[in-house]
$ cat protein16.txt   # compact mmCIF, C-alpha atoms (C1' of nucleotides)
# COMPACT_ATOMS: atom_id res chain seq x y z
CA MET A 19 41.95 -14.41 -0.16
CA THR A 20 39.05 -16.72 -1.00
CA THR A 21 36.49 -14.18 0.12
CA THR A 22 34.32 -13.72 -2.91
CA GLY A 23 31.51 -11.22 -3.05
CA LEU A 24 30.00 -8.82 -0.57
CA PRO A 25 27.99 -9.81 2.46
CA ILE A 26 24.42 -8.61 2.33
CA ALA A 27 25.01 -5.56 4.50
CA GLU A 28 27.64 -4.20 2.15
CA ALA A 29 25.65 -5.12 -0.92
CA ALA A 30 22.72 -3.21 0.52
CA GLU A 31 24.95 -0.25 1.21
CA ALA A 32 26.31 -0.36 -2.31
CA ALA A 33 22.87 -0.69 -3.86
CA GLY A 34 21.23 1.93 -1.72
CA LEU A 35 18.64 -0.60 -0.55
CA SER A 36 17.93 -2.20 2.78
CA VAL A 37 19.09 -5.66 3.72
CA ASP A 38 15.47 -6.68 4.04
CA THR A 39 14.71 -5.46 0.55
CA LEU A 40 17.56 -7.46 -0.95
CA ARG A 41 16.31 -10.61 0.73
CA TYR A 42 12.78 -9.81 -0.33
CA TYR A 43 13.81 -9.34 -3.97
CA GLU A 44 15.49 -12.70 -3.98
CA LYS A 45 12.59 -14.47 -2.30
CA ASP A 46 10.20 -12.87 -4.78
CA GLY A 47 12.06 -14.05 -7.85
CA LEU A 48 13.52 -10.74 -8.94
CA MET A 49 17.10 -11.95 -8.96
CA LEU A 50 18.71 -13.70 -11.89
CA ARG A 51 19.74 -16.57 -9.69
CA PRO A 52 19.75 -17.53 -6.04
CA VAL A 53 22.50 -15.38 -4.59
CA PRO A 54 25.58 -17.57 -3.93
CA ARG A 55 26.30 -18.47 -0.33
CA SER A 56 29.38 -18.71 1.83
CA PRO A 57 30.07 -22.09 3.50
CA SER A 58 28.09 -20.92 6.51
CA GLY A 59 25.09 -20.03 4.37
CA HIS A 60 25.55 -16.28 4.21
CA ARG A 61 24.80 -14.52 0.93
CA ARG A 62 27.76 -13.27 -1.10
CA TYR A 63 26.88 -10.76 -3.77
CA ASP A 64 29.34 -10.71 -6.64
CA ALA A 65 29.67 -8.15 -9.40
CA THR A 66 27.02 -9.72 -11.62
CA ASP A 67 24.53 -9.80 -8.76
CA LEU A 68 25.24 -6.17 -8.00
CA ARG A 69 24.86 -5.13 -11.62
CA TRP A 70 21.54 -6.94 -11.77
CA VAL A 71 20.37 -5.27 -8.58
CA GLU A 72 21.30 -1.96 -10.16
CA LEU A 73 19.10 -2.71 -13.16
CA VAL A 74 16.26 -3.78 -10.89
CA THR A 75 16.66 -0.50 -9.05
CA ARG A 76 16.42 1.44 -12.29
CA LEU A 77 13.28 -0.38 -13.29
CA ARG A 78 11.74 -0.04 -9.87
CA SER A 79 12.53 3.60 -9.41
CA THR A 80 11.03 4.42 -12.78
CA GLY A 81 7.87 2.82 -11.47
CA MET A 82 7.91 -0.68 -12.91
CA PRO A 83 5.83 -2.96 -10.68
CA ILE A 84 7.55 -5.86 -8.94
CA ARG A 85 5.62 -8.36 -11.02
CA ASP A 86 6.98 -6.93 -14.27
CA VAL A 87 10.51 -6.91 -12.96
CA ARG A 88 10.00 -10.56 -12.06
CA ARG A 89 8.72 -11.25 -15.56
CA TYR A 90 11.79 -9.60 -17.04
CA ALA A 91 14.05 -11.61 -14.75
CA GLU A 92 12.30 -14.78 -15.86
CA LEU A 93 12.96 -13.94 -19.48
CA VAL A 94 16.64 -13.28 -18.90
CA ARG A 95 16.91 -16.44 -16.84
CA ALA A 96 15.32 -18.42 -19.67
CA GLY A 97 18.33 -17.55 -21.80
CA ASP A 98 18.71 -16.62 -25.46
CA GLY A 99 15.76 -16.68 -27.78
CA ASN A 100 13.29 -14.34 -26.13
CA GLU A 101 14.99 -11.04 -26.87
CA GLU A 102 11.93 -9.72 -28.69
CA GLU A 103 9.86 -10.24 -25.60
CA ARG A 104 12.40 -8.54 -23.37
CA LEU A 105 12.59 -5.66 -25.77
CA ALA A 106 8.81 -5.37 -25.88
CA LEU A 107 8.67 -5.29 -22.11
CA LEU A 108 11.31 -2.58 -21.89
CA ARG A 109 9.74 -0.55 -24.67
CA GLY A 110 6.33 -0.79 -23.04
CA HIS A 111 7.80 0.41 -19.80
CA ARG A 112 9.54 3.24 -21.58
CA GLU A 113 6.25 4.43 -23.02
CA VAL A 114 4.57 4.35 -19.64
CA VAL A 115 7.42 6.30 -18.08
CA LEU A 116 7.39 8.91 -20.83
CA ARG A 117 3.67 9.43 -20.41
CA ARG A 118 4.08 9.79 -16.69
CA LEU A 119 6.95 12.22 -17.08
CA ALA A 120 4.83 14.34 -19.40
CA GLU A 121 1.90 14.26 -17.01
CA VAL A 122 3.98 15.16 -13.99
CA THR A 123 5.73 17.92 -15.90
CA ALA A 124 2.43 19.40 -17.00
CA HIS A 125 0.96 19.29 -13.49
CA LEU A 126 4.17 20.75 -12.12
CA GLY A 127 3.80 23.66 -14.51
CA ALA A 128 0.40 24.44 -13.06
CA ILE A 129 1.79 24.20 -9.55
CA ASP A 130 4.64 26.53 -10.49
CA HIS A 131 2.09 28.98 -11.74
CA LYS A 132 0.33 28.86 -8.38
CA ILE A 133 3.64 29.38 -6.63
CA GLY A 134 4.18 32.47 -8.77
CA ILE A 135 0.82 33.84 -7.70
CA TYR A 136 1.66 33.45 -4.02
CA GLU A 137 5.06 35.02 -4.59
CA ASP A 138 3.49 38.07 -6.22
CA ARG A 139 0.93 38.38 -3.51
CA LEU A 140 3.53 38.20 -0.79
CA ALA A 141 5.84 40.64 -2.58
CA ARG A 142 3.01 43.15 -2.68
CA VAL A 143 2.17 42.84 1.02
CA PRO A 144 5.68 42.68 2.54
CA ARG A 145 6.09 41.45 6.11
CA SER A 146 2.97 39.95 7.66
CA ALA A 147 1.30 43.36 7.26
CA MET L 7 -33.61 25.80 -12.79
CA THR L 8 -32.58 25.59 -9.18
CA THR L 9 -30.30 22.62 -9.83
CA THR L 10 -26.92 23.82 -8.66
CA GLY L 11 -23.79 21.79 -9.02
CA LEU L 12 -23.03 18.35 -10.35
CA PRO L 13 -24.05 15.11 -8.67
CA ILE L 14 -21.12 13.03 -7.56
CA ALA L 15 -21.15 10.71 -10.57
CA GLU L 16 -20.75 13.61 -12.96
CA ALA L 17 -18.18 15.32 -10.77
CA ALA L 18 -16.18 12.10 -10.76
CA GLU L 19 -16.45 11.88 -14.51
CA ALA L 20 -15.31 15.48 -14.87
CA ALA L 21 -12.42 15.04 -12.46
CA GLY L 22 -11.27 11.72 -13.82
CA LEU L 23 -11.64 10.15 -10.39
CA SER L 24 -13.95 7.51 -8.99
CA VAL L 25 -17.03 8.33 -6.96
CA ASP L 26 -15.48 6.48 -4.05
CA THR L 27 -12.34 8.55 -4.28
CA LEU L 28 -14.29 11.81 -4.18
CA ARG L 29 -16.12 10.69 -1.05
CA TYR L 30 -12.87 9.49 0.45
CA TYR L 31 -11.18 12.83 -0.19
CA GLU L 32 -13.96 14.64 1.56
CA LYS L 33 -14.03 12.27 4.52
CA ASP L 34 -10.29 12.59 4.84
CA GLY L 35 -10.27 16.37 5.02
CA LEU L 36 -8.84 17.08 1.59
CA MET L 37 -11.69 19.29 0.50
CA LEU L 38 -11.91 22.99 1.23
CA ARG L 39 -15.32 22.56 2.76
CA PRO L 40 -17.94 19.87 3.17
CA VAL L 41 -19.40 19.53 -0.31
CA PRO L 42 -22.83 21.19 -0.38
CA ARG L 43 -25.86 18.93 -0.42
CA SER L 44 -29.16 18.83 -2.21
CA PRO L 45 -32.28 18.78 0.00
CA SER L 46 -32.18 15.00 -0.05
CA GLY L 47 -28.60 14.92 1.14
CA HIS L 48 -26.88 14.22 -2.16
CA ARG L 49 -23.61 16.01 -2.87
CA ARG L 50 -23.63 18.84 -5.39
CA TYR L 51 -20.21 19.83 -6.66
CA ASP L 52 -20.08 23.42 -7.87
CA ALA L 53 -17.34 25.12 -9.87
CA THR L 54 -15.20 25.98 -6.84
CA ASP L 55 -15.36 22.40 -5.60
CA LEU L 56 -14.36 21.14 -9.03
CA ARG L 57 -11.47 23.58 -9.30
CA TRP L 58 -10.24 22.48 -5.89
CA VAL L 59 -10.48 18.82 -6.87
CA GLU L 60 -8.43 19.67 -9.92
CA LEU L 61 -5.70 21.15 -7.75
CA VAL L 62 -5.81 18.14 -5.46
CA THR L 63 -5.42 15.95 -8.51
CA ARG L 64 -2.38 17.92 -9.63
CA LEU L 65 -0.77 17.60 -6.23
CA ARG L 66 -1.61 13.93 -5.94
CA SER L 67 -0.48 12.98 -9.40
CA THR L 68 2.84 14.69 -8.86
CA GLY L 69 3.23 12.44 -5.84
CA MET L 70 2.22 14.60 -2.91
CA PRO L 71 1.04 12.35 -0.06
CA ILE L 72 -2.55 12.63 1.10
CA ARG L 73 -1.43 14.01 4.44
CA ASP L 74 0.35 16.94 2.82
CA VAL L 75 -2.62 17.72 0.62
CA ARG L 76 -4.72 17.74 3.78
CA ARG L 77 -2.25 20.11 5.41
CA TYR L 78 -2.45 22.44 2.45
CA ALA L 79 -6.26 22.32 2.53
CA GLU L 80 -6.16 23.19 6.23
CA LEU L 81 -4.02 26.23 5.50
CA VAL L 82 -6.32 27.47 2.78
CA ARG L 83 -9.33 26.83 4.98
CA ALA L 84 -7.73 28.84 7.77
CA GLY L 85 -7.93 31.89 5.50
CA ASP L 86 -5.57 34.79 4.90
CA GLY L 87 -2.39 35.16 6.86
CA ASN L 88 -0.59 31.91 6.27
CA GLU L 89 0.48 32.44 2.68
CA GLU L 90 4.15 31.98 3.56
CA GLU L 91 3.38 28.55 4.90
CA ARG L 92 1.37 27.58 1.83
CA LEU L 93 4.17 28.83 -0.38
CA ALA L 94 6.74 26.88 1.60
CA LEU L 95 4.69 23.73 1.26
CA LEU L 96 4.30 24.15 -2.49
CA ARG L 97 7.97 25.02 -2.95
CA GLY L 98 9.03 22.02 -0.93
CA HIS L 99 6.85 19.83 -3.06
CA ARG L 100 8.26 21.39 -6.20
CA GLU L 101 11.79 20.51 -5.11
CA VAL L 102 10.83 16.92 -4.38
CA VAL L 103 9.16 16.60 -7.77
CA LEU L 104 12.14 18.08 -9.60
CA ARG L 105 14.48 15.68 -7.91
CA ARG L 106 12.25 12.76 -8.78
CA LEU L 107 11.94 13.90 -12.39
CA ALA L 108 15.72 14.09 -12.64
CA GLU L 109 16.13 10.67 -11.10
CA VAL L 110 13.54 9.05 -13.33
CA THR L 111 14.98 10.73 -16.40
CA ALA L 112 18.45 9.50 -15.57
CA HIS L 113 17.29 5.94 -14.96
CA LEU L 114 15.23 6.07 -18.14
CA GLY L 115 18.37 7.03 -20.04
CA ALA L 116 20.06 3.86 -18.84
CA ILE L 117 17.03 1.80 -19.79
CA ASP L 118 16.99 3.40 -23.24
CA HIS L 119 20.59 2.40 -23.62
CA LYS L 120 19.66 -1.17 -22.82
CA ILE L 121 16.83 -1.03 -25.34
CA GLY L 122 19.34 0.11 -27.94
CA ILE L 123 21.54 -2.87 -27.19
CA TYR L 124 18.68 -5.30 -27.73
CA GLU L 125 17.70 -3.52 -30.93
CA ASP L 126 21.19 -3.85 -32.32
CA ARG L 127 21.41 -7.46 -31.35
CA LEU L 128 18.08 -8.26 -32.98
CA ALA L 129 18.94 -6.27 -36.09
CA ARG L 130 22.09 -8.35 -36.49
CA VAL L 131 20.29 -11.69 -36.14
CA PRO L 132 17.13 -10.98 -38.16
CA ARG L 133 14.13 -13.30 -37.84
CA SER L 134 14.33 -15.76 -34.94
CA ALA L 135 17.36 -17.25 -36.67
C1' DG G 28 -48.18 0.98 -4.19
C1' DG G 29 -44.10 -1.28 -6.14
C1' DT G 30 -39.89 -0.92 -8.62
C1' DT G 31 -35.87 1.32 -10.21
C1' DG G 32 -31.83 4.02 -9.78
C1' DA G 33 -28.79 7.31 -7.94
C1' DC G 34 -27.02 8.42 -3.80
C1' DC G 35 -26.08 8.03 1.33
C1' DT G 36 -23.08 6.11 5.61
C1' DG G 37 -19.79 3.43 8.32
C1' DG G 38 -16.66 0.28 8.03
C1' DA G 39 -14.22 -3.70 6.16
C1' DG G 40 -10.99 -5.27 2.66
C1' DC G 41 -7.25 -5.11 -0.54
C1' DG G 42 -2.90 -4.79 -3.45
C1' DC G 43 1.56 -3.07 -3.17
C1' DG G 44 6.09 -2.95 -1.43
C1' DC G 45 8.39 -3.33 1.79
C1' DT G 46 9.71 -3.72 7.10
C1' DC G 47 10.04 -5.95 11.30
C1' DC G 48 10.34 -9.77 14.44
C1' DA G 49 11.27 -14.19 16.84
C1' DG G 50 14.15 -17.84 17.16
C1' DG G 51 18.42 -19.80 15.83
C1' DG G 52 23.30 -20.74 13.91
C1' DA G 53 28.12 -19.77 13.00
C1' DG G 54 32.50 -17.37 13.63
C1' DT G 55 35.46 -14.08 16.30
C1' DT G 56 37.15 -11.83 20.62
C1' DG G 57 38.68 -11.79 25.41
C1' DC P 11 33.51 -20.64 27.79
C1' DA P 12 30.64 -16.47 27.38
C1' DA P 13 29.50 -12.55 24.84
C1' DC P 14 29.03 -10.28 20.65
C1' DT P 15 28.10 -9.63 15.85
C1' DC P 16 26.37 -10.76 11.56
C1' DC P 17 23.63 -13.48 9.23
C1' DC P 18 19.75 -16.98 8.46
C1' DT P 19 14.40 -18.32 7.86
C1' DG P 20 9.39 -18.03 7.85
C1' DG P 21 5.93 -15.30 8.62
C1' DA P 22 3.44 -11.42 10.59
C1' DG P 23 2.63 -6.49 10.30
C1' DC P 24 2.25 -2.01 8.30
C1' DG P 25 1.37 2.52 5.78
C1' DC P 26 -0.71 4.08 1.78
C1' DG P 27 -4.51 5.01 -1.10
C1' DC P 28 -8.01 3.71 -2.44
C1' DT P 29 -12.13 0.20 -3.39
C1' DC P 30 -15.94 -2.41 -2.14
C1' DC P 31 -19.96 -3.70 0.47
C1' DA P 32 -24.27 -3.91 3.27
C1' DG P 33 -28.09 -1.70 4.49
C1' DG P 34 -30.81 2.30 3.94
C1' DT P 35 -33.13 6.88 2.07
C1' DC P 36 -35.40 9.40 -1.41
C1' DA P 37 -37.52 10.83 -5.82
C1' DA P 38 -39.46 9.50 -10.16
C1' DC P 39 -41.99 6.46 -13.02
C1' DC P 40 -45.38 2.84 -14.19

$ encode --input "protein16.txt" --output "structure tokens"
Amino acid sequence: MTTTGLPIAEAAEAAGLSVDTLRYYEKDGLMLRPVPRSPSGHRRYDATDLRWVELVTRLRSTGMPIRDVRRYAELVRAGDGNEEERLALLRGHREVVLRRLAEVTAHLGAIDHKIGIYEDRLARVPRSA
Amino acid sequence: MTTTGLPIAEAAEAAGLSVDTLRYYEKDGLMLRPVPRSPSGHRRYDATDLRWVELVTRLRSTGMPIRDVRRYAELVRAGDGNEEERLALLRGHREVVLRRLAEVTAHLGAIDHKIGIYEDRLARVPRSA
DNA sequence: GGTTGACCTGGAGCGCGCTCCAGGGAGTTG
DNA sequence: CAACTCCCTGGAGCGCGCTCCAGGTCAACC
């Protein structure tokens, strides 16, 4: 058993992304390293690649732009010594996310209120009467 | 004082949107009605227009796609009788937003954890040592 | 009458984040 | 050997939501 790592289709499945997206992330510099290849040139995602993809997914799905994810990947790739910068990037992102969560929550409250108004109105005038 | 309604620049200012965006919303059918015009053809946003823009902003900034906002505007424009449909649209949106909030919150938790790790590491190895 | 400034219209352009496609190779199956 | 499947690459294309631009009108001011 020399088969190491998942082929791209399974990695995509595991990550909840498309095959195209995985290739795109790599081409765009979001990965920590070029994904290792099998002798025939096919990508083989190992556990560290998959964990990194998971982190990228977290950053992306909290709204971090591709370019910032790339920046973060560059810092990690550069190795020890830039932890402050990584931390600053993550903290900055955290602040942005918190502000957005607060904004969305507030707007949702107003929408809920509107929903309540429609519910009352419909309760008062039962079936299409 | 026959001046009724705000010119587009002031409406944009009040709404926190750009002038271009306000025109775009109207062109794209997101408004309840064509915005009234001054004799010279300039838009004049009155209170009802501004309140509607505010609602559109709430829907948009909670992630509702333009096409759904347009659909909602069409329902309201159509007048009484389709309240169930409006309610369904708003409720559906609410569910989507709640799911996204939960997802973002969960991912943010993982990111916070990572921030904590960096903080510990940096606290242990004080100043660039 | 000329200039300025706010606004108008139709339509092109753009940044983002994928998504899709053509053309090709390598390994397995019958 | 042919057929099939999975993968490869480079690059084009796309949906979204604006954003920008050219060319023009109109009212007010000097």

$ closest_atom_pairs --input "protein16.txt" --of "region 11-74 of chain L" --to "region 17-36 of chain P" --cutoff "8 Å" --atoms "all atoms listed in the file" --output "Markdown table"
| residue | atom | partner | partner_atom | distance |
| --- | --- | --- | --- | --- |
| L:Asp26 | CA | P:DT29 | C1' | 7.1 |
| L:Thr27 | CA | P:DC28 | C1' | 6.7 |
| L:Ser46 | CA | P:DC36 | C1' | 6.6 |

$ atom_distance --input "protein16.txt" --atom1 "CA of Leu12 (chain L)" --atom2 "C1' of DG37 (chain G)"
24.1 Å

$ atom_distance --input "protein16.txt" --atom1 "CA of Arg83 (chain L)" --atom2 "CA of Ser24 (chain L)"
24.3 Å

$ interface_residues --input "protein16.txt" --of "chain A" --to "chain P" --cutoff "9 Å" --atoms "all atoms listed in the file" --output "NGL selection string"
:A and (25-27 or 59-61)

$ write_last_selection --input "protein16.txt" --atoms "C-alpha atoms" --output "compact mmCIF listing (two decimals), keeping the file's coordinate frame"
# COMPACT_ATOMS: atom_id res chain seq x y z
CA PRO A 25 27.99 -9.81 2.46
CA ILE A 26 24.42 -8.61 2.33
CA ALA A 27 25.01 -5.56 4.50
CA GLY A 59 25.09 -20.03 4.37
CA HIS A 60 25.55 -16.28 4.21
CA ARG A 61 24.80 -14.52 0.93

$ interface_residues --input "protein16.txt" --of "chain A" --to "chain G" --cutoff "12 Å" --atoms "only C-alpha atoms (C1' of nucleotides)" --output "list in words"
Leu35, Ser36, Val37, Asp38, Thr39, Leu40, Arg41, Tyr42, Tyr43, Asp46, Ser56, Pro57, Ser58, Gly59, His60, Arg78, Gly81, Met82, Pro83, Ile84 and Arg85 of chain A

$ interface_residues --input "protein16.txt" --of "chain A" --to "chain L" --cutoff "8 Å" --atoms "all atoms listed in the file" --output "list in words"
Arg76, Leu77, Ser79, Thr80, Gly99, Glu101, Glu102, Leu105, Leu108, Arg109, Arg112, Val115, Leu119, Val122, His125, Leu126, Ala128, Ile129, Asp130, Ile133, Tyr136, Glu137, Leu140 and Ser146 of chain A

$ write_last_selection --input "protein16.txt" --atoms "C-alpha atoms" --output "CSV table (one decimal), in the frame of the given file"
chain,number,residue,atom,x,y,z
A,76,ARG,CA,16.4,1.4,-12.3
A,77,LEU,CA,13.3,-0.4,-13.3
A,79,SER,CA,12.5,3.6,-9.4
A,80,THR,CA,11.0,4.4,-12.8
A,99,GLY,CA,15.8,-16.7,-27.8
A,101,GLU,CA,15.0,-11.0,-26.9
A,102,GLU,CA,11.9,-9.7,-28.7
A,105,LEU,CA,12.6,-5.7,-25.8
A,108,LEU,CA,11.3,-2.6,-21.9
A,109,ARG,CA,9.7,-0.6,-24.7
A,112,ARG,CA,9.5,3.2,-21.6
A,115,VAL,CA,7.4,6.3,-18.1
A,119,LEU,CA,7.0,12.2,-17.1
A,122,VAL,CA,4.0,15.2,-14.0
A,125,HIS,CA,1.0,19.3,-13.5
A,126,LEU,CA,4.2,20.8,-12.1
A,128,ALA,CA,0.4,24.4,-13.1
A,129,ILE,CA,1.8,24.2,-9.6
A,130,ASP,CA,4.6,26.5,-10.5
A,133,ILE,CA,3.6,29.4,-6.6
A,136,TYR,CA,1.7,33.4,-4.0
A,137,GLU,CA,5.1,35.0,-4.6
A,140,LEU,CA,3.5,38.2,-0.8
A,146,SER,CA,3.0,40.0,7.7

$ residues_around --input "protein16.txt" --residues "Leu56 (chain L)" --least-positions-apart "5" --cutoff "9 Å" --atoms "all atoms listed in the file" --output "PyMOL selection string"
chain L and resi 17+20-21+51+61

$ atom_distance --input "protein16.txt" --atom1 "CA of Asp67 (chain A)" --atom2 "CA of Leu50 (chain A)"
7.7 Å
